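Reading through the structure tokens given below for one structure.
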Amino acid sequence: EDQVTQSPEALRLQEGESSSLNCSYTVSGLRGLFWYRQDPGKGPEFLFTLYSAGEEKEKERLKATLTKKESFLHITAPKPEDSATYLCAVHPDTGRRALTFGSGTRLQVQP
Amino acid sequence: DTGVSQDPRHKITKRGQNVTFRCDPISEHNRLYWYRQTLGQGPEFLTYFQNEAQLEKSRLLSDRFSAERPKGSFSTLEIQRTEQGDSAMYLCASSFPSSSGDSYEQYFGPGTRLTVT
């Protein structure tokens, strides 16, 4: 069974304090790994797709990386507006379309 | 591109009542997904449509749940005889294959929050 584990569950940073969020996954073949941002009471907002180990994607203060067993979301010099829950999801290479999500990391960036 | 829309945004119902939610995907997205999310958890897959065909159903989708996408555009999710355990955020997402092949980015709507009292 596909599993996605995100750590830490919650993270509090000071503005400008860089850090990384972890997503460990177990799947029978990976078609894609996705990062989403979710604000309270809203739907997830797509950030990145990673397809193969060694791949990296960047957007503003965020950079996502992928290995064969985990992905990291690096946040450089975060701002308070980066506060949100960050979700990781995997698409297994089984022909199915369903994504399996982790429980997310709740990030709070204090000014 | 107006994004995925869902209606209603909030629904409060009494146990035992039936409820129906609507999802309008991004125009020309042929794939549509329903997920359920409870507090502190990630979304859980419920069902998937490609055009009007329902191709995947999760075991979470009990007999009380039914979803349709009659003309391959909007979709409805109905829950019959609601139970308190059905209280959750119901999310709809859509996707479309990219020109380079299959693209799996799913774009989510704002969700419908269901409260069963």
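Labels used: A, B, ... for chains in the order of the structure tokens, numbers from 1 for residues in each chain, and numbers from 1 for ligands as shown.
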- request: Identify, on the basis of only C-alpha atoms, every residue whose closest approach to region 20-26 of chain B does not exceed 7 Å; exclude the query and any residue fewer than 5 positions from it along the same chain; express the result as number ranges by chain.
  value: B: 1-8, 32, 73-79, 92-94
Which residues of chain A come within 8 Å of chain B, and what is each one's closest atom pair and distance in Å (one decimal), counting only C-alpha atoms, sorted by chain and residue number, as JSON lines?
{"residue": "A:Gly32", "atom": "CA", "partner": "B:Tyr104", "partner_atom": "CA", "distance": 7.5}
{"residue": "A:Phe34", "atom": "CA", "partner": "B:Glu105", "partner_atom": "CA", "distance": 7.6}
{"residue": "A:Gly41", "atom": "CA", "partner": "B:Pro110", "partner_atom": "CA", "distance": 7.8}
{"residue": "A:Lys42", "atom": "CA", "partner": "B:Pro110", "partner_atom": "CA", "distance": 4.9}
{"residue": "A:Gly43", "atom": "CA", "partner": "B:Pro110", "partner_atom": "CA", "distance": 4.3}
{"residue": "A:Pro44", "atom": "CA", "partner": "B:Phe108", "partner_atom": "CA", "distance": 5.9}
{"residue": "A:Glu45", "atom": "CA", "partner": "B:Phe108", "partner_atom": "CA", "distance": 6.7}
{"residue": "A:Phe46", "atom": "CA", "partner": "B:Tyr107", "partner_atom": "CA", "distance": 6.4}
{"residue": "A:Thr49", "atom": "CA", "partner": "B:Glu105", "partner_atom": "CA", "distance": 7.1}
{"residue": "A:Leu87", "atom": "CA", "partner": "B:Gly42", "partner_atom": "CA", "distance": 7.0}
{"residue": "A:His91", "atom": "CA", "partner": "B:Tyr104", "partner_atom": "CA", "distance": 7.9}
{"residue": "A:Arg96", "atom": "CA", "partner": "B:Glu56", "partner_atom": "CA", "distance": 7.6}
{"residue": "A:Arg97", "atom": "CA", "partner": "B:Tyr48", "partner_atom": "CA", "distance": 7.3}
{"residue": "A:Ala98", "atom": "CA", "partner": "B:Phe45", "partner_atom": "CA", "distance": 6.0}
{"residue": "A:Leu99", "atom": "CA", "partner": "B:Phe45", "partner_atom": "CA", "distance": 6.8}
{"residue": "A:Thr100", "atom": "CA", "partner": "B:Glu44", "partner_atom": "CA", "distance": 7.0}
{"residue": "A:Phe101", "atom": "CA", "partner": "B:Gly42", "partner_atom": "CA", "distance": 5.4}
{"residue": "A:Gly102", "atom": "CA", "partner": "B:Gly42", "partner_atom": "CA", "distance": 5.5}
{"residue": "A:Ser103", "atom": "CA", "partner": "B:Gly42", "partner_atom": "CA", "distance": 4.4}
{"residue": "A:Gly104", "atom": "CA", "partner": "B:Gly42", "partner_atom": "CA", "distance": 6.3}
Export, as a short mmCIF file (atom, residue, chain, number, x, y, z; two decimals), in the first residue's frame, the selected residues with all heavy atoms.
data_model
loop_
_atom_site.label_atom_id
_atom_site.label_comp_id
_atom_site.auth_asym_id
_atom_site.auth_seq_id
_atom_site.Cartn_x
_atom_site.Cartn_y
_atom_site.Cartn_z
N GLY A 32 4.83 10.38 -10.28
CA GLY A 32 5.06 11.79 -10.00
C GLY A 32 4.87 12.08 -8.52
O GLY A 32 4.14 11.36 -7.83
N PHE A 34 4.03 15.41 -5.94
CA PHE A 34 3.46 16.75 -6.01
C PHE A 34 3.57 17.44 -4.67
O PHE A 34 3.40 16.82 -3.62
CB PHE A 34 1.98 16.66 -6.41
CG PHE A 34 1.77 15.92 -7.69
CD1 PHE A 34 1.63 14.55 -7.71
CD2 PHE A 34 1.71 16.60 -8.90
CE1 PHE A 34 1.45 13.86 -8.89
CE2 PHE A 34 1.52 15.92 -10.08
CZ PHE A 34 1.40 14.55 -10.07
N GLY A 41 -9.22 26.65 5.37
CA GLY A 41 -10.54 26.77 4.77
C GLY A 41 -10.55 26.82 3.25
O GLY A 41 -11.60 27.06 2.65
N LYS A 42 -9.41 26.57 2.62
CA LYS A 42 -9.32 26.62 1.16
C LYS A 42 -8.83 25.30 0.61
O LYS A 42 -8.32 24.45 1.33
CB LYS A 42 -8.40 27.75 0.74
CG LYS A 42 -8.90 29.14 1.15
CD LYS A 42 -8.05 30.23 0.55
CE LYS A 42 -8.60 31.60 0.92
NZ LYS A 42 -7.80 32.69 0.32
N GLY A 43 -8.98 25.14 -0.71
CA GLY A 43 -8.47 23.96 -1.36
C GLY A 43 -6.97 24.03 -1.57
O GLY A 43 -6.39 25.12 -1.56
N PRO A 44 -6.31 22.89 -1.76
CA PRO A 44 -4.87 22.89 -2.02
C PRO A 44 -4.52 23.63 -3.30
O PRO A 44 -5.23 23.51 -4.30
CB PRO A 44 -4.54 21.40 -2.13
CG PRO A 44 -5.63 20.69 -1.39
CD PRO A 44 -6.85 21.52 -1.63
N GLU A 45 -3.41 24.36 -3.26
CA GLU A 45 -2.91 25.11 -4.41
C GLU A 45 -1.65 24.43 -4.93
O GLU A 45 -0.69 24.23 -4.19
CB GLU A 45 -2.61 26.55 -4.00
CG GLU A 45 -1.95 27.39 -5.08
CD GLU A 45 -1.47 28.73 -4.53
OE1 GLU A 45 -1.86 29.10 -3.41
OE2 GLU A 45 -0.68 29.39 -5.22
N PHE A 46 -1.66 24.07 -6.20
CA PHE A 46 -0.54 23.34 -6.79
C PHE A 46 0.73 24.17 -6.78
O PHE A 46 0.72 25.37 -7.13
CB PHE A 46 -0.89 22.94 -8.23
CG PHE A 46 0.26 22.38 -9.00
CD1 PHE A 46 0.73 21.10 -8.74
CD2 PHE A 46 0.89 23.14 -9.98
CE1 PHE A 46 1.81 20.60 -9.45
CE2 PHE A 46 1.96 22.63 -10.69
CZ PHE A 46 2.42 21.37 -10.43
N THR A 49 5.57 19.68 -9.50
CA THR A 49 5.58 18.27 -9.81
C THR A 49 7.02 17.84 -10.03
O THR A 49 7.77 18.52 -10.73
CB THR A 49 4.80 17.95 -11.09
OG1 THR A 49 3.51 18.52 -11.02
CG2 THR A 49 4.68 16.44 -11.27
N LEU A 87 1.41 20.26 1.66
CA LEU A 87 1.03 18.86 1.44
C LEU A 87 1.88 18.24 0.36
O LEU A 87 2.16 18.87 -0.67
CB LEU A 87 -0.45 18.78 1.02
CG LEU A 87 -1.50 19.22 2.03
CD1 LEU A 87 -2.84 19.44 1.34
CD2 LEU A 87 -1.65 18.20 3.14
N HIS A 91 1.83 9.97 -6.98
CA HIS A 91 1.05 9.30 -7.99
C HIS A 91 1.81 8.03 -8.35
O HIS A 91 2.85 8.09 -9.00
CB HIS A 91 0.88 10.19 -9.22
CG HIS A 91 0.00 9.59 -10.25
ND1 HIS A 91 -0.22 10.20 -11.47
CD2 HIS A 91 -0.74 8.45 -10.29
CE1 HIS A 91 -1.02 9.47 -12.19
NE2 HIS A 91 -1.36 8.41 -11.49
N ARG A 96 -3.43 3.84 -12.02
CA ARG A 96 -4.50 4.55 -11.33
C ARG A 96 -4.22 6.05 -11.36
O ARG A 96 -3.09 6.48 -11.52
CB ARG A 96 -4.62 4.07 -9.88
CG ARG A 96 -5.01 2.60 -9.77
CD ARG A 96 -5.10 2.19 -8.31
NE ARG A 96 -6.12 2.95 -7.61
CZ ARG A 96 -5.87 3.68 -6.52
NH1 ARG A 96 -4.66 3.73 -6.02
NH2 ARG A 96 -6.85 4.34 -5.92
N ARG A 97 -5.30 6.84 -11.18
CA ARG A 97 -5.17 8.30 -11.22
C ARG A 97 -5.17 8.93 -9.84
O ARG A 97 -4.89 10.10 -9.71
CB ARG A 97 -6.34 8.90 -12.03
CG ARG A 97 -6.33 8.49 -13.49
CD ARG A 97 -5.15 9.07 -14.21
NE ARG A 97 -5.08 8.59 -15.59
CZ ARG A 97 -4.07 8.83 -16.40
NH1 ARG A 97 -3.04 9.54 -15.97
NH2 ARG A 97 -4.07 8.36 -17.63
N ALA A 98 -5.52 8.15 -8.82
CA ALA A 98 -5.66 8.71 -7.48
C ALA A 98 -4.31 9.13 -6.92
O ALA A 98 -3.31 8.42 -7.07
CB ALA A 98 -6.30 7.69 -6.55
N LEU A 99 -4.28 10.29 -6.28
CA LEU A 99 -3.10 10.72 -5.55
C LEU A 99 -3.23 10.26 -4.10
O LEU A 99 -4.32 10.25 -3.54
CB LEU A 99 -2.97 12.24 -5.57
CG LEU A 99 -2.77 12.91 -6.93
CD1 LEU A 99 -2.58 14.42 -6.74
CD2 LEU A 99 -1.59 12.31 -7.67
N THR A 100 -2.09 9.89 -3.49
CA THR A 100 -2.05 9.60 -2.07
C THR A 100 -1.32 10.73 -1.37
O THR A 100 -0.16 11.02 -1.71
CB THR A 100 -1.33 8.27 -1.80
OG1 THR A 100 -2.05 7.21 -2.43
CG2 THR A 100 -1.25 7.99 -0.30
N PHE A 101 -1.99 11.39 -0.45
CA PHE A 101 -1.45 12.56 0.24
C PHE A 101 -0.89 12.20 1.60
O PHE A 101 -1.36 11.26 2.27
CB PHE A 101 -2.56 13.60 0.47
CG PHE A 101 -2.88 14.43 -0.73
CD1 PHE A 101 -3.75 13.98 -1.71
CD2 PHE A 101 -2.31 15.69 -0.89
CE1 PHE A 101 -4.05 14.75 -2.81
CE2 PHE A 101 -2.62 16.47 -2.00
CZ PHE A 101 -3.48 15.99 -2.96
N GLY A 102 0.11 12.98 2.04
CA GLY A 102 0.53 12.96 3.42
C GLY A 102 -0.38 13.86 4.24
O GLY A 102 -1.28 14.52 3.69
N SER A 103 -0.14 13.91 5.54
CA SER A 103 -0.98 14.71 6.43
C SER A 103 -0.57 16.17 6.46
O SER A 103 -1.27 16.99 7.06
CB SER A 103 -0.94 14.14 7.85
OG SER A 103 -1.47 12.84 7.87
N GLY A 104 0.57 16.48 5.86
CA GLY A 104 0.97 17.88 5.75
C GLY A 104 1.87 18.36 6.87
O GLY A 104 1.98 17.74 7.93
#
message: Could you tell me how far CA of Pro40 (chain A) sits from CA of Ser18 (chain A), in Å to one decimal place?
response: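 CA of Pro40 (chain A) lies at a distance of 22.5 Å from CA of Ser18 (chain A).
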Within 9 Å of Asp2 (chain A), counting only C-alpha atoms, which residues show up once you throw out same-chain ones fewer than 6 positions away? Write them as an mmCIF file with N, CA and C atoms, in the first residue's frame, please.
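What follows is the written file around36.cif:
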data_model
loop_
_atom_site.group_PDB
_atom_site.id
_atom_site.type_symbol
_atom_site.label_atom_id
_atom_site.label_comp_id
_atom_site.auth_asym_id
_atom_site.auth_seq_id
_atom_site.Cartn_x
_atom_site.Cartn_y
_atom_site.Cartn_z
ATOM 1 N N TYR A 25 8.219 8.646 1.153
ATOM 2 C CA TYR A 25 7.146 7.911 0.478
ATOM 3 C C TYR A 25 7.549 6.466 0.205
ATOM 4 N N THR A 26 6.514 5.626 0.155
ATOM 5 C CA THR A 26 6.670 4.227 -0.226
ATOM 6 C C THR A 26 5.623 3.936 -1.269
ATOM 7 N N VAL A 27 6.056 3.687 -2.496
ATOM 8 C CA VAL A 27 5.116 3.385 -3.572
ATOM 9 C C VAL A 27 5.709 2.300 -4.452
ATOM 10 N N SER A 28 4.841 1.608 -5.151
ATOM 11 C CA SER A 28 5.294 0.592 -6.103
ATOM 12 C C SER A 28 5.533 1.262 -7.440
ATOM 13 N N VAL A 90 1.752 11.589 -3.800
ATOM 14 C CA VAL A 90 2.421 10.751 -4.795
ATOM 15 C C VAL A 90 1.399 10.153 -5.747
ATOM 16 N N PRO A 92 1.333 6.861 -7.904
ATOM 17 C CA PRO A 92 2.063 5.628 -8.168
ATOM 18 C C PRO A 92 1.944 5.219 -9.628
ATOM 19 N N THR A 100 -2.092 9.892 -3.493
ATOM 20 C CA THR A 100 -2.047 9.598 -2.066
ATOM 21 C C THR A 100 -1.315 10.732 -1.375
#
- request: Have a look at B:Glu52, B:Gly16, B:Ala67, B:Arg59 and name the one nearest to Gly85 (chain B); count only C-alpha atoms.
  value: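 Checking each candidate against Gly85 (chain B), we get B:Gly16 as the closest.
Here the question is which of A:Ser24, A:Glu55, A:Gln108, A:Leu66 gets nearest to Gln3 (chain A) using only C-alpha atoms, and that residue is A:Ser24.
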query: Looking at only C-alpha atoms, which of B:Pro70, B:Val19, B:Ser87, B:Arg81 is the one that sits closest to Thr115 (chain B)?
result: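 Selected residue with least distance to Thr115 (chain B): B:Ser87.
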query: DSSP says strand (DSSP E or B) for which residues of region 4-95 of chain A? Put them as a PyMOL selection string?
result: chain A and resi 4-7+10-14+19-26+30-38+45-50+56-59+62-66+70-75+84-92
- prompt: What's the 8 Å shell around Leu11 (chain A), counting only C-alpha atoms, without same-chain residues fewer than 5 positions away, as JSON, numbers by chain?
  reply: {"A": [105, 106, 107, 108]}
task: Quick one: pull the distance between CA of Thr38 (chain B) and CA of His10 (chain B), Å, one decimal.
output: 14.3 Å
